[in-house]
>>> print(open('structure20.txt').read())   # compact mmCIF, C-alpha atoms
# COMPACT_ATOMS: atom_id res chain seq x y z
CA MET B 2 28.25 -16.18 -18.30
CA PRO B 3 25.01 -15.13 -19.99
CA ALA B 4 22.32 -13.58 -17.83
CA PHE B 5 19.28 -15.85 -17.55
CA SER B 6 15.85 -14.80 -16.36
CA THR B 7 14.28 -16.67 -13.45
CA ARG B 8 11.69 -18.02 -15.85
CA HIS B 9 14.39 -19.32 -18.20
CA LEU B 10 16.31 -21.00 -15.39
CA GLY B 11 13.11 -22.63 -14.22
CA ALA B 12 12.46 -23.98 -17.69
CA VAL B 13 16.00 -25.34 -17.92
CA ALA B 14 15.73 -26.98 -14.51
CA ALA B 15 12.44 -28.56 -15.53
CA ALA B 16 13.95 -29.85 -18.77
CA LEU B 17 16.90 -31.36 -16.92
CA ALA B 18 14.59 -32.86 -14.32
CA LEU B 19 12.49 -34.49 -17.05
CA THR B 20 15.64 -35.86 -18.63
CA VAL B 21 16.97 -37.45 -15.48
CA ALA B 22 13.57 -38.53 -14.17
CA THR B 23 12.94 -40.68 -17.23
CA PRO B 24 14.02 -44.19 -16.28
CA ALA B 25 17.23 -45.13 -18.03
CA ALA B 26 17.71 -48.45 -19.70
CA THR B 27 18.08 -51.26 -17.20
CA ALA B 28 21.54 -51.00 -15.68
CA SER B 29 23.70 -53.91 -16.74
CA ALA B 30 27.19 -54.74 -17.83
CA ALA B 31 28.43 -53.37 -21.14
CA PRO B 32 26.82 -55.08 -24.16
CA ASP B 33 28.73 -57.83 -25.89
CA ALA B 34 31.21 -56.61 -28.46
CA PRO B 35 30.16 -57.03 -32.11
CA ALA B 36 31.44 -60.01 -34.05
CA GLY B 37 35.14 -59.75 -34.67
CA LEU B 38 35.72 -57.41 -31.73
CA ARG B 39 36.78 -57.99 -28.15
CA GLU B 40 35.93 -55.92 -25.09
CA VAL B 41 39.01 -54.79 -23.15
CA MET B 42 40.22 -52.15 -20.73
CA PHE B 43 42.70 -49.44 -21.67
CA VAL B 44 45.03 -48.32 -18.88
CA GLY B 45 46.85 -45.04 -19.51
CA ASN B 46 50.39 -45.02 -18.10
CA ASN B 47 50.86 -41.29 -17.80
CA TRP B 48 54.59 -41.09 -17.19
CA ASP B 49 55.44 -43.88 -19.65
CA GLY B 50 53.51 -42.56 -22.60
CA THR B 51 51.96 -46.00 -23.09
CA ALA B 52 48.57 -47.63 -22.69
CA ASP B 53 48.25 -51.20 -21.52
CA VAL B 54 45.33 -53.19 -22.87
CA ILE B 55 44.02 -55.74 -20.38
CA ARG B 56 41.12 -58.16 -20.22
CA SER B 57 37.94 -56.48 -19.03
CA THR B 58 36.88 -59.36 -16.76
CA GLY B 59 38.27 -62.45 -15.06
CA ASP B 60 42.00 -62.27 -14.40
CA PHE B 61 42.39 -58.85 -16.11
CA ALA B 62 45.59 -60.10 -17.71
CA ARG B 63 47.50 -57.85 -20.09
CA ILE B 64 46.87 -58.44 -23.79
CA GLY B 65 49.16 -55.84 -25.33
CA ARG B 66 50.72 -52.40 -25.03
CA ILE B 67 50.50 -49.28 -27.20
CA ASP B 68 53.01 -46.47 -27.55
CA VAL B 69 50.83 -43.35 -27.55
CA VAL B 70 53.73 -40.94 -28.21
CA PRO B 71 55.31 -42.36 -31.39
CA ASP B 72 55.79 -38.76 -32.52
CA LYS B 73 57.57 -37.70 -29.32
CA ALA B 74 60.72 -36.46 -31.08
CA GLU B 75 58.66 -34.25 -33.42
CA ARG B 76 56.58 -32.84 -30.58
CA MET B 77 59.67 -32.09 -28.46
CA ALA B 78 61.31 -30.30 -31.38
CA GLU B 79 58.25 -28.05 -31.67
CA ILE B 80 58.23 -27.34 -27.94
CA ASN B 81 61.94 -26.57 -27.80
CA ALA B 82 61.57 -24.15 -30.70
CA ASP B 83 58.82 -22.13 -29.01
CA PRO B 84 59.74 -20.36 -25.73
CA ILE B 85 56.14 -20.08 -24.54
CA LYS B 86 55.37 -23.75 -25.24
CA TRP B 87 58.63 -24.69 -23.50
CA ILE B 88 57.68 -22.71 -20.39
CA TYR B 89 54.28 -24.40 -20.16
CA PHE B 90 55.81 -27.81 -20.85
CA GLN B 91 58.24 -27.33 -17.96
CA ALA B 92 55.47 -25.99 -15.72
CA ILE B 93 53.38 -29.12 -16.37
CA ARG B 94 56.38 -31.36 -15.68
CA ASN B 95 57.29 -29.64 -12.43
CA GLY B 96 53.73 -28.94 -11.27
CA VAL B 97 50.88 -31.36 -11.93
CA GLY B 98 53.35 -33.90 -13.37
CA GLU B 99 55.26 -34.22 -10.09
CA GLY B 100 58.55 -34.00 -11.98
CA HIS B 101 57.39 -36.13 -14.90
CA ASP B 102 55.94 -35.41 -18.33
CA GLN B 103 52.20 -36.12 -18.63
CA LEU B 104 52.02 -38.19 -21.79
CA VAL B 105 48.61 -39.84 -21.55
CA ASP B 106 45.67 -38.65 -19.52
CA ASP B 107 42.57 -40.19 -21.05
CA MET B 108 41.67 -42.56 -23.88
CA TYR B 109 38.72 -44.12 -25.72
CA SER B 110 38.63 -46.61 -28.54
CA THR B 111 36.61 -46.03 -31.69
CA PRO B 112 33.41 -48.11 -32.02
CA ASP B 113 34.99 -50.30 -34.70
CA GLY B 114 37.97 -51.13 -32.47
CA THR B 115 40.55 -49.97 -35.00
CA SER B 116 41.94 -46.94 -33.13
CA VAL B 117 42.32 -45.42 -29.69
CA VAL B 118 41.95 -41.67 -29.11
CA VAL B 119 44.27 -40.24 -26.45
CA SER B 120 44.64 -36.88 -24.71
CA ARG B 121 48.28 -35.97 -24.02
CA PRO B 122 48.59 -33.12 -21.47
CA SER B 123 52.27 -32.25 -21.97
CA PHE B 124 51.80 -32.08 -25.74
CA ALA B 125 48.52 -30.13 -25.47
CA ASP B 126 46.77 -32.36 -27.96
CA VAL B 127 44.53 -35.30 -28.76
CA VAL B 128 45.66 -38.02 -31.15
CA SER B 129 44.13 -41.09 -32.73
CA VAL B 130 46.49 -44.07 -32.74
CA ASP B 131 45.95 -46.96 -35.15
CA LEU B 132 45.76 -50.12 -33.04
CA SER B 133 47.14 -52.29 -35.82
CA THR B 134 50.15 -50.25 -36.89
CA GLY B 135 50.76 -47.92 -33.95
CA ASP B 136 50.76 -44.96 -36.32
CA ILE B 137 48.94 -41.69 -35.67
CA ASN B 138 45.78 -41.27 -37.76
CA TRP B 139 45.11 -37.65 -36.81
CA ARG B 140 46.19 -35.03 -34.30
CA PHE B 141 44.17 -32.15 -32.81
CA PRO B 142 46.12 -29.46 -30.90
CA VAL B 143 43.82 -28.07 -28.19
CA SER B 144 43.57 -24.36 -27.46
CA GLY B 145 46.03 -23.29 -24.81
CA TYR B 146 48.81 -25.48 -23.49
CA ARG B 147 47.36 -28.58 -21.82
CA SER B 148 44.75 -31.26 -22.59
CA ASP B 149 43.04 -33.25 -19.84
CA HIS B 150 40.02 -35.49 -19.16
CA MET B 151 37.80 -36.66 -22.00
CA ALA B 152 34.35 -38.21 -22.45
CA VAL B 153 32.88 -40.12 -25.36
CA SER B 154 29.29 -39.71 -26.57
CA PRO B 155 26.93 -42.66 -25.98
CA ASP B 156 26.98 -43.52 -29.70
CA GLY B 157 30.79 -43.43 -29.74
CA THR B 158 31.03 -40.84 -32.53
CA ARG B 159 32.26 -37.79 -30.60
CA VAL B 160 34.86 -37.19 -27.94
CA ALA B 161 34.93 -34.16 -25.63
CA VAL B 162 38.29 -33.01 -24.25
CA SER B 163 39.09 -30.39 -21.64
CA ALA B 164 41.70 -27.77 -22.59
CA SER B 165 42.92 -26.80 -19.13
CA THR B 166 44.60 -23.47 -19.72
CA SER B 167 42.03 -22.00 -22.11
CA ASN B 168 38.91 -22.89 -20.08
CA THR B 169 37.47 -24.65 -23.12
CA VAL B 170 36.04 -28.05 -23.98
CA HIS B 171 36.54 -29.16 -27.59
CA VAL B 172 34.18 -31.76 -29.08
CA LEU B 173 35.73 -33.78 -31.88
CA ASP B 174 34.57 -36.28 -34.48
CA ILE B 175 36.23 -39.43 -33.13
CA ARG B 176 36.94 -40.77 -36.64
CA THR B 177 38.47 -37.68 -38.23
CA GLY B 178 39.60 -35.47 -35.36
CA GLU B 179 37.68 -32.52 -36.78
CA GLN B 180 36.12 -30.17 -34.25
CA VAL B 181 32.32 -30.28 -34.33
CA GLY B 182 31.82 -27.84 -31.47
CA SER B 183 33.27 -26.26 -28.34
CA PHE B 184 32.15 -24.42 -25.23
CA GLY B 185 33.54 -22.29 -22.41
CA THR B 186 33.87 -23.48 -18.83
CA GLY B 187 35.06 -22.35 -15.44
CA ASP B 188 38.75 -22.26 -14.58
CA LYS B 189 40.71 -25.42 -15.43
CA PRO B 190 38.06 -27.74 -16.92
CA HIS B 191 38.54 -31.30 -15.75
CA GLU B 192 35.94 -34.08 -15.81
CA ASN B 193 33.40 -34.38 -18.66
CA ILE B 194 30.27 -36.57 -18.64
CA PHE B 195 27.73 -37.15 -21.41
CA THR B 196 24.25 -37.98 -20.13
CA ARG B 197 23.09 -41.44 -21.18
CA ASP B 198 20.71 -40.12 -23.82
CA GLY B 199 23.49 -37.96 -25.29
CA ARG B 200 21.46 -34.79 -24.74
CA TYR B 201 23.80 -32.93 -22.38
CA ILE B 202 27.47 -32.66 -21.47
CA TRP B 203 28.42 -31.89 -17.88
CA ASN B 204 31.84 -30.33 -17.31
CA MET B 205 33.48 -29.85 -13.94
CA SER B 206 36.15 -27.17 -13.56
CA ILE B 207 38.58 -27.56 -10.64
CA GLY B 208 40.47 -24.26 -10.58
CA ASP B 209 44.14 -23.80 -9.76
CA VAL B 210 45.13 -27.03 -8.04
CA ASN B 211 48.90 -26.52 -8.24
CA THR B 212 49.21 -23.49 -5.97
CA ALA B 213 50.25 -23.74 -2.32
CA LEU B 214 47.33 -21.58 -1.15
CA ASP B 215 45.57 -24.63 0.26
CA ALA B 216 44.21 -23.40 3.61
CA PRO B 217 40.38 -23.34 3.72
CA TRP B 218 40.28 -19.57 4.17
CA LEU B 219 42.29 -19.19 0.94
CA ASP B 220 39.98 -21.39 -1.11
CA TRP B 221 38.63 -18.34 -2.95
CA THR B 222 42.04 -17.90 -4.62
CA LYS B 223 41.61 -21.14 -6.56
CA GLY B 224 39.47 -19.51 -9.26
CA ASP B 225 36.04 -19.95 -10.81
CA ARG B 226 35.02 -23.55 -10.12
CA ARG B 227 31.65 -24.73 -11.34
CA ILE B 228 29.72 -27.35 -13.24
CA THR B 229 28.80 -26.23 -16.75
CA VAL B 230 25.94 -28.09 -18.43
CA VAL B 231 25.62 -27.65 -22.20
CA ASP B 232 23.35 -28.91 -24.94
CA ALA B 233 25.31 -31.68 -26.67
CA LYS B 234 24.02 -30.67 -30.11
CA THR B 235 24.34 -26.89 -30.03
CA TYR B 236 27.05 -26.71 -27.33
CA ARG B 237 25.19 -23.81 -25.78
CA GLN B 238 25.21 -23.43 -22.03
CA VAL B 239 21.93 -24.41 -20.39
CA LYS B 240 22.88 -24.37 -16.72
CA VAL B 241 25.70 -23.52 -14.31
CA ILE B 242 25.91 -25.17 -10.89
CA ASP B 243 28.12 -23.50 -8.28
CA MET B 244 28.65 -25.98 -5.46
CA ARG B 245 29.91 -23.19 -3.21
CA GLN B 246 26.30 -22.12 -2.62
CA ARG B 247 25.11 -25.70 -2.10
CA LEU B 248 27.92 -26.50 0.35
CA ASP B 249 27.31 -23.30 2.28
CA ALA B 250 23.62 -24.21 2.52
CA ILE B 251 24.46 -27.37 4.50
CA GLY B 252 27.02 -25.68 6.74
CA LEU B 253 30.16 -26.79 4.91
CA GLY B 254 31.61 -23.41 4.02
CA ASP B 255 35.09 -24.70 4.85
CA HIS B 256 34.95 -27.36 2.13
CA SER B 257 36.32 -26.78 -1.37
CA ASP B 258 33.79 -26.43 -4.18
CA ALA B 259 36.17 -27.88 -6.80
CA VAL B 260 34.25 -30.89 -8.14
CA ARG B 261 36.63 -33.69 -9.09
CA PRO B 262 35.56 -37.13 -10.41
CA ALA B 263 31.79 -37.63 -10.44
CA VAL B 264 29.33 -40.36 -11.37
CA PHE B 265 25.59 -40.40 -12.01
CA SER B 266 23.15 -42.92 -10.57
CA PRO B 267 21.73 -45.24 -13.26
CA ASP B 268 18.60 -43.07 -13.67
CA GLU B 269 20.72 -39.89 -13.51
CA SER B 270 18.59 -38.42 -10.74
CA LYS B 271 21.60 -38.22 -8.42
CA LEU B 272 25.19 -37.11 -8.97
CA TYR B 273 27.90 -38.35 -6.63
CA PHE B 274 31.05 -36.26 -6.60
CA GLN B 275 34.36 -35.67 -4.85
CA VAL B 276 35.89 -32.28 -4.09
CA SER B 277 39.43 -31.13 -3.45
CA PHE B 278 40.92 -31.91 -0.03
CA PHE B 279 37.99 -34.04 1.16
CA ASN B 280 38.14 -37.69 2.23
CA GLY B 281 34.68 -38.63 1.06
CA PHE B 282 31.99 -37.63 -1.41
CA PHE B 283 28.61 -35.90 -1.76
CA GLU B 284 25.22 -36.84 -3.15
CA TYR B 285 23.53 -34.16 -5.25
CA ASP B 286 19.85 -34.26 -6.20
CA VAL B 287 19.70 -33.05 -9.81
CA ALA B 288 16.03 -32.08 -9.96
CA GLY B 289 16.06 -30.55 -6.46
CA ASP B 290 19.37 -28.78 -7.13
CA ARG B 291 20.76 -29.50 -3.67
CA ILE B 292 23.26 -31.65 -1.83
CA THR B 293 21.28 -34.32 -0.03
CA ARG B 294 23.92 -36.46 1.71
CA THR B 295 27.57 -36.31 2.74
CA LYS B 296 29.81 -39.33 3.17
CA THR B 297 33.02 -38.85 5.13
CA LEU B 298 35.43 -41.76 4.78
CA PRO B 299 38.21 -42.77 7.18
CA LYS B 300 41.52 -40.97 7.17
CA ASN B 301 44.75 -42.89 6.97
CA PRO B 302 46.71 -41.98 10.12
CA ALA B 303 49.91 -42.08 8.07
CA THR B 304 48.66 -39.38 5.67
CA SER B 305 50.07 -35.95 6.39
CA GLU B 306 47.54 -33.28 7.30
CA ASP B 307 49.65 -30.74 5.39
CA ARG B 308 47.43 -30.05 2.39
CA THR B 309 50.35 -28.80 0.31
CA THR B 310 51.68 -32.39 0.26
CA TRP B 311 48.52 -33.76 -1.40
CA VAL B 312 48.83 -34.29 -5.14
CA ASN B 313 47.07 -31.54 -7.10
CA ASP B 314 44.72 -30.76 -4.19
CA SER B 315 43.36 -34.30 -4.26
CA ARG B 316 42.56 -36.30 -1.18
CA HIS B 317 40.23 -38.81 -2.79
CA HIS B 318 40.16 -39.00 -6.60
CA GLY B 319 38.14 -41.67 -8.39
CA LEU B 320 34.52 -42.86 -8.29
CA SER B 321 32.57 -45.60 -10.04
CA MET B 322 29.18 -47.20 -9.45
CA SER B 323 28.00 -50.77 -9.86
CA PRO B 324 25.62 -51.14 -12.83
CA ASP B 325 22.63 -51.73 -10.53
CA GLY B 326 23.39 -48.51 -8.65
CA ALA B 327 23.69 -50.32 -5.32
CA ARG B 328 27.36 -49.66 -4.58
CA ILE B 329 29.87 -46.86 -5.07
CA CYS B 330 33.58 -47.54 -5.38
CA VAL B 331 35.91 -44.85 -4.05
CA ALA B 332 39.61 -44.34 -4.71
CA GLY B 333 41.09 -42.87 -1.54
CA THR B 334 44.10 -41.42 -3.31
CA MET B 335 46.15 -39.78 -0.56
CA ASP B 336 44.90 -42.24 2.08
CA ASP B 337 46.18 -45.25 0.12
CA TYR B 338 43.06 -47.36 -0.01
CA ALA B 339 39.96 -48.07 -2.05
CA THR B 340 36.59 -49.07 -0.67
CA VAL B 341 33.09 -50.00 -1.78
CA VAL B 342 30.25 -48.00 -0.19
CA ASN B 343 26.64 -49.18 0.10
CA ARG B 344 24.66 -46.48 -1.69
CA ASP B 345 21.54 -46.85 0.47
CA THR B 346 23.23 -46.76 3.88
CA LEU B 347 26.51 -45.04 2.89
CA GLU B 348 28.31 -47.65 4.98
CA GLU B 349 31.79 -48.43 3.65
CA GLY B 350 33.16 -51.93 3.24
CA PRO B 351 36.72 -53.11 3.86
CA LEU B 352 39.46 -50.56 3.24
CA VAL B 353 41.49 -52.30 0.53
CA PRO B 354 45.15 -51.14 0.67
CA ALA B 355 46.17 -49.40 -2.57
CA ALA B 356 49.14 -47.19 -3.42
CA LYS B 357 47.89 -43.74 -4.50
CA PRO B 358 44.81 -45.05 -6.34
CA TYR B 359 43.98 -42.46 -8.99
CA TRP B 360 40.86 -43.69 -10.77
CA ALA B 361 37.99 -46.16 -10.44
CA THR B 362 35.95 -47.78 -13.19
CA VAL B 363 33.70 -50.81 -13.68
CA SER B 364 34.70 -54.15 -15.15
CA GLY B 365 33.13 -55.30 -18.38
CA ASP B 366 30.77 -57.71 -16.62
CA GLY B 367 29.85 -55.15 -13.95
CA THR B 368 31.00 -57.32 -11.04
CA HIS B 369 34.17 -55.47 -10.08
CA CYS B 370 35.53 -52.00 -9.47
CA VAL B 371 38.93 -51.54 -11.10
CA VAL B 372 41.26 -48.93 -9.58
CA SER B 373 44.57 -47.71 -10.94
CA GLU B 374 47.33 -47.76 -8.33
CA SER B 375 49.58 -44.99 -9.59
CA GLY B 376 52.00 -45.52 -6.70
CA ALA B 377 52.47 -49.23 -7.40
CA ASP B 378 52.16 -49.36 -11.21
CA GLN B 379 49.30 -51.82 -11.17
CA VAL B 380 45.53 -52.00 -11.44
CA THR B 381 43.48 -53.77 -8.79
CA ALA B 382 40.02 -55.33 -9.13
CA ILE B 383 37.69 -55.19 -6.12
CA ASP B 384 34.53 -57.30 -5.95
CA PHE B 385 31.48 -55.04 -5.69
CA ALA B 386 29.56 -57.73 -3.76
CA THR B 387 32.14 -58.38 -1.05
CA GLY B 388 34.30 -55.26 -1.14
CA GLU B 389 37.36 -57.51 -1.17
CA LYS B 390 40.30 -57.45 -3.55
CA SER B 391 40.23 -60.09 -6.28
CA VAL B 392 43.44 -59.51 -8.23
CA SER B 393 46.17 -56.99 -9.06
CA VAL B 394 47.84 -56.76 -12.48
CA PRO B 395 51.14 -54.98 -13.25
CA VAL B 396 51.00 -52.16 -15.81
CA GLY B 397 53.25 -49.25 -16.82
CA ASP B 398 54.56 -46.19 -15.00
CA HIS B 399 51.93 -44.17 -13.10
CA PRO B 400 48.61 -45.56 -14.38
CA GLN B 401 45.74 -43.10 -14.14
CA ARG B 402 42.65 -43.31 -16.35
CA VAL B 403 41.13 -46.74 -17.04
CA ARG B 404 38.45 -47.05 -19.74
CA ILE B 405 36.42 -49.86 -21.30
CA GLY B 406 37.02 -50.21 -25.03
CA ARG B 407 37.24 -52.60 -27.96
CA VAL B 408 39.95 -54.13 -30.10
CA ALA B 409 39.97 -56.76 -32.85
CA ALA B 410 39.28 -60.23 -31.43
CA ASP B 411 42.78 -61.46 -32.30
CA TRP B 412 44.60 -58.23 -31.35
CA THR B 413 47.84 -58.51 -29.38
CA GLY B 414 49.18 -55.02 -30.03
CA PRO B 415 51.48 -53.28 -32.50
CA SER B 416 54.26 -53.64 -29.90
CA ALA B 417 55.29 -56.56 -27.77
CA GLY B 418 56.85 -54.18 -25.26
>>> encode(input="structure20.txt", output="structure tokens")
Amino acid sequence: MPAFSTRHLGAVAAALALTVATPAATASAAPDAPAGLREVMFVGNNWDGTADVIRSTGDFARIGRIDVVPDKAERMAEINADPIKWIYFQAIRNGVGEGHDQLVDDMYSTPDGTSVVVSRPSFADVVSVDLSTGDINWRFPVSGYRSDHMAVSPDGTRVAVSASTSNTVHVLDIRTGEQVGSFGTGDKPHENIFTRDGRYIWNMSIGDVNTALDAPWLDWTKGDRRITVVDAKTYRQVKVIDMRQRLDAIGLGDHSDAVRPAVFSPDESKLYFQVSFFNGFFEYDVAGDRITRTKTLPKNPATSEDRTTWVNDSRHHGLSMSPDGARICVAGTMDDYATVVNRDTLEEGPLVPAAKPYWATVSGDGTHCVVSESGADQVTAIDFATGEKSVSVPVGDHPQRVRIGRVAADWTGPSAG
């Protein structure tokens, strides 16, 4: 990490503060899709190697399904021919994959609705899949041996993908797959977030989540975990945030500093984030550079207190916020529920039963939180206003990431599967 003078850090902090202090556009549901396109949700079925496309509002019914590993035989031949790739492939299967191959982690459609771009952890790549034919348009092998979470720029032209084992984020042209930039991160980069104005990218590194050294006093063995903020044009680092110092400052030295899913408030003055092993989340003041509030959520009495049994050091994994910023939806992964929290009071609503919910996003009209139930192979919509479940929809094997996207208005999928 480059050495910064105090003066330089102050200037960076001021610049970031100005960015987030500027009122964002009025929070609302996603804009209507252009003529000829339809807004949908993509649900990545990690162990299937498919993505279900469902309605983004209403009954959330399935519209079609995409095979995101049409080249599986070719990829497996490459892996089997390379001993090092084979070792990493097996390690992913038997570690973070819980005995399964990780075939789709994240996905975003192109602005014109013709393709979907998918990160495939076990194949260490990103591909663009043609939504009409199901064919691969382009493929980008990431550095190292595993790809992970992605983020798309506000204008939809670039996609950032974490390369877990090389501590790198690649930024690609979403249309061509060509790399337009990259930057270094902490150990095991995970979540990526573009700021709403497209000026910065925030990356959260989570460290080594697949070791059994899970006791609080062994947390230091998990590696270099930090938030890396970079300029989204030059990809140069402008700030590093180590939550270890901020947690220690509020007397939580026994909590992990591995930032997992995170979400900004509509004006980006606050960041809400989860950390490994914790049943709850934190509020971080961006301009003040400090944790301002802690929300501890109920534990499920049936959940084992043996941390080594929690998937990839998660306890809760998945956050989304209503467009008006009034409510936060939380996926209580290992506690088998999801809940909506009032952002002002931090009071939680009903605990909606859910089987290993792994992600939370916002419906197209902004009225519902949609969580992926990886343990039940379904997605469930929860009303932000009432905190109650509205509907559950069956999807493929082990759904994880859920993203809003677009397809042609009459699209039903290249496969009827």
>>> closest_atom_pairs(input="structure20.txt", of="segment 265-336 of chain B", to="segment 175-197 of chain B", cutoff="9 Å", atoms="all atoms listed in the file", output="JSON lines")
{"residue": "B:Phe265", "atom": "CA", "partner": "B:Thr196", "partner_atom": "CA", "distance": 8.6}
{"residue": "B:Pro267", "atom": "CA", "partner": "B:Arg197", "partner_atom": "CA", "distance": 8.9}
{"residue": "B:Asp268", "atom": "CA", "partner": "B:Arg197", "partner_atom": "CA", "distance": 8.9}
{"residue": "B:Glu269", "atom": "CA", "partner": "B:Thr196", "partner_atom": "CA", "distance": 7.7}
>>> write_last_selection(input="structure20.txt", atoms="C-alpha atoms", output="mmCIF file, keeping the file's coordinate frame")
data_model
loop_
_atom_site.group_PDB
_atom_site.id
_atom_site.type_symbol
_atom_site.label_atom_id
_atom_site.label_comp_id
_atom_site.auth_asym_id
_atom_site.auth_seq_id
_atom_site.Cartn_x
_atom_site.Cartn_y
_atom_site.Cartn_z
ATOM 1 C CA PHE B 265 25.590 -40.400 -12.010
ATOM 2 C CA PRO B 267 21.730 -45.240 -13.260
ATOM 3 C CA ASP B 268 18.600 -43.070 -13.670
ATOM 4 C CA GLU B 269 20.720 -39.890 -13.510
#
>>> residues_around(input="structure20.txt", residues="Arg63 of chain B", least_positions_apart="5", cutoff="7 Å", atoms="all atoms listed in the file", output="NGL selection string")
:B and (53-56)
>>> residues_near_point(input="structure20.txt", point="(35.4, -39.6, -3.6)", cutoff="9 Å", atoms="all atoms listed in the file", output="number ranges by chain")
B: 261-263, 273-276, 279-283, 296, 298, 316-320, 330-334
>>> write_last_selection(input="structure20.txt", atoms="C-alpha atoms", output="CSV table (one decimal), in the coordinates of the input")
chain,number,residue,atom,x,y,z
B,261,ARG,CA,36.6,-33.7,-9.1
B,262,PRO,CA,35.6,-37.1,-10.4
B,263,ALA,CA,31.8,-37.6,-10.4
B,273,TYR,CA,27.9,-38.4,-6.6
B,274,PHE,CA,31.0,-36.3,-6.6
B,275,GLN,CA,34.4,-35.7,-4.8
B,276,VAL,CA,35.9,-32.3,-4.1
B,279,PHE,CA,38.0,-34.0,1.2
B,280,ASN,CA,38.1,-37.7,2.2
B,281,GLY,CA,34.7,-38.6,1.1
B,282,PHE,CA,32.0,-37.6,-1.4
B,283,PHE,CA,28.6,-35.9,-1.8
B,296,LYS,CA,29.8,-39.3,3.2
B,298,LEU,CA,35.4,-41.8,4.8
B,316,ARG,CA,42.6,-36.3,-1.2
B,317,HIS,CA,40.2,-38.8,-2.8
B,318,HIS,CA,40.2,-39.0,-6.6
B,319,GLY,CA,38.1,-41.7,-8.4
B,320,LEU,CA,34.5,-42.9,-8.3
B,330,CYS,CA,33.6,-47.5,-5.4
B,331,VAL,CA,35.9,-44.8,-4.0
B,332,ALA,CA,39.6,-44.3,-4.7
B,333,GLY,CA,41.1,-42.9,-1.5
B,334,THR,CA,44.1,-41.4,-3.3
>>> atom_distance(input="structure20.txt", atom1="atom CA of Val118 of chain B", atom2="atom CA of Gln401 of chain B")
15.5 Å
>>> atom_distance(input="structure20.txt", atom1="atom CA of Arg94 of chain B", atom2="atom CA of Asp307 of chain B")
22.1 Å
>>> atom_distance(input="structure20.txt", atom1="atom CA of Val105 of chain B", atom2="atom CA of Thr51 of chain B")
7.2 Å
>>> closest_residue(input="structure20.txt", among="B:Ala250, B:Ala259, B:Ile93, B:Val371", to="Asn211 of chain B", atoms="all atoms listed in the file")
B:Ile93
>>> closest_residue(input="structure20.txt", among="B:Pro71, B:Gly397, B:Pro217, B:Gly199", to="Phe278 of chain B", atoms="all atoms listed in the file")
B:Pro217
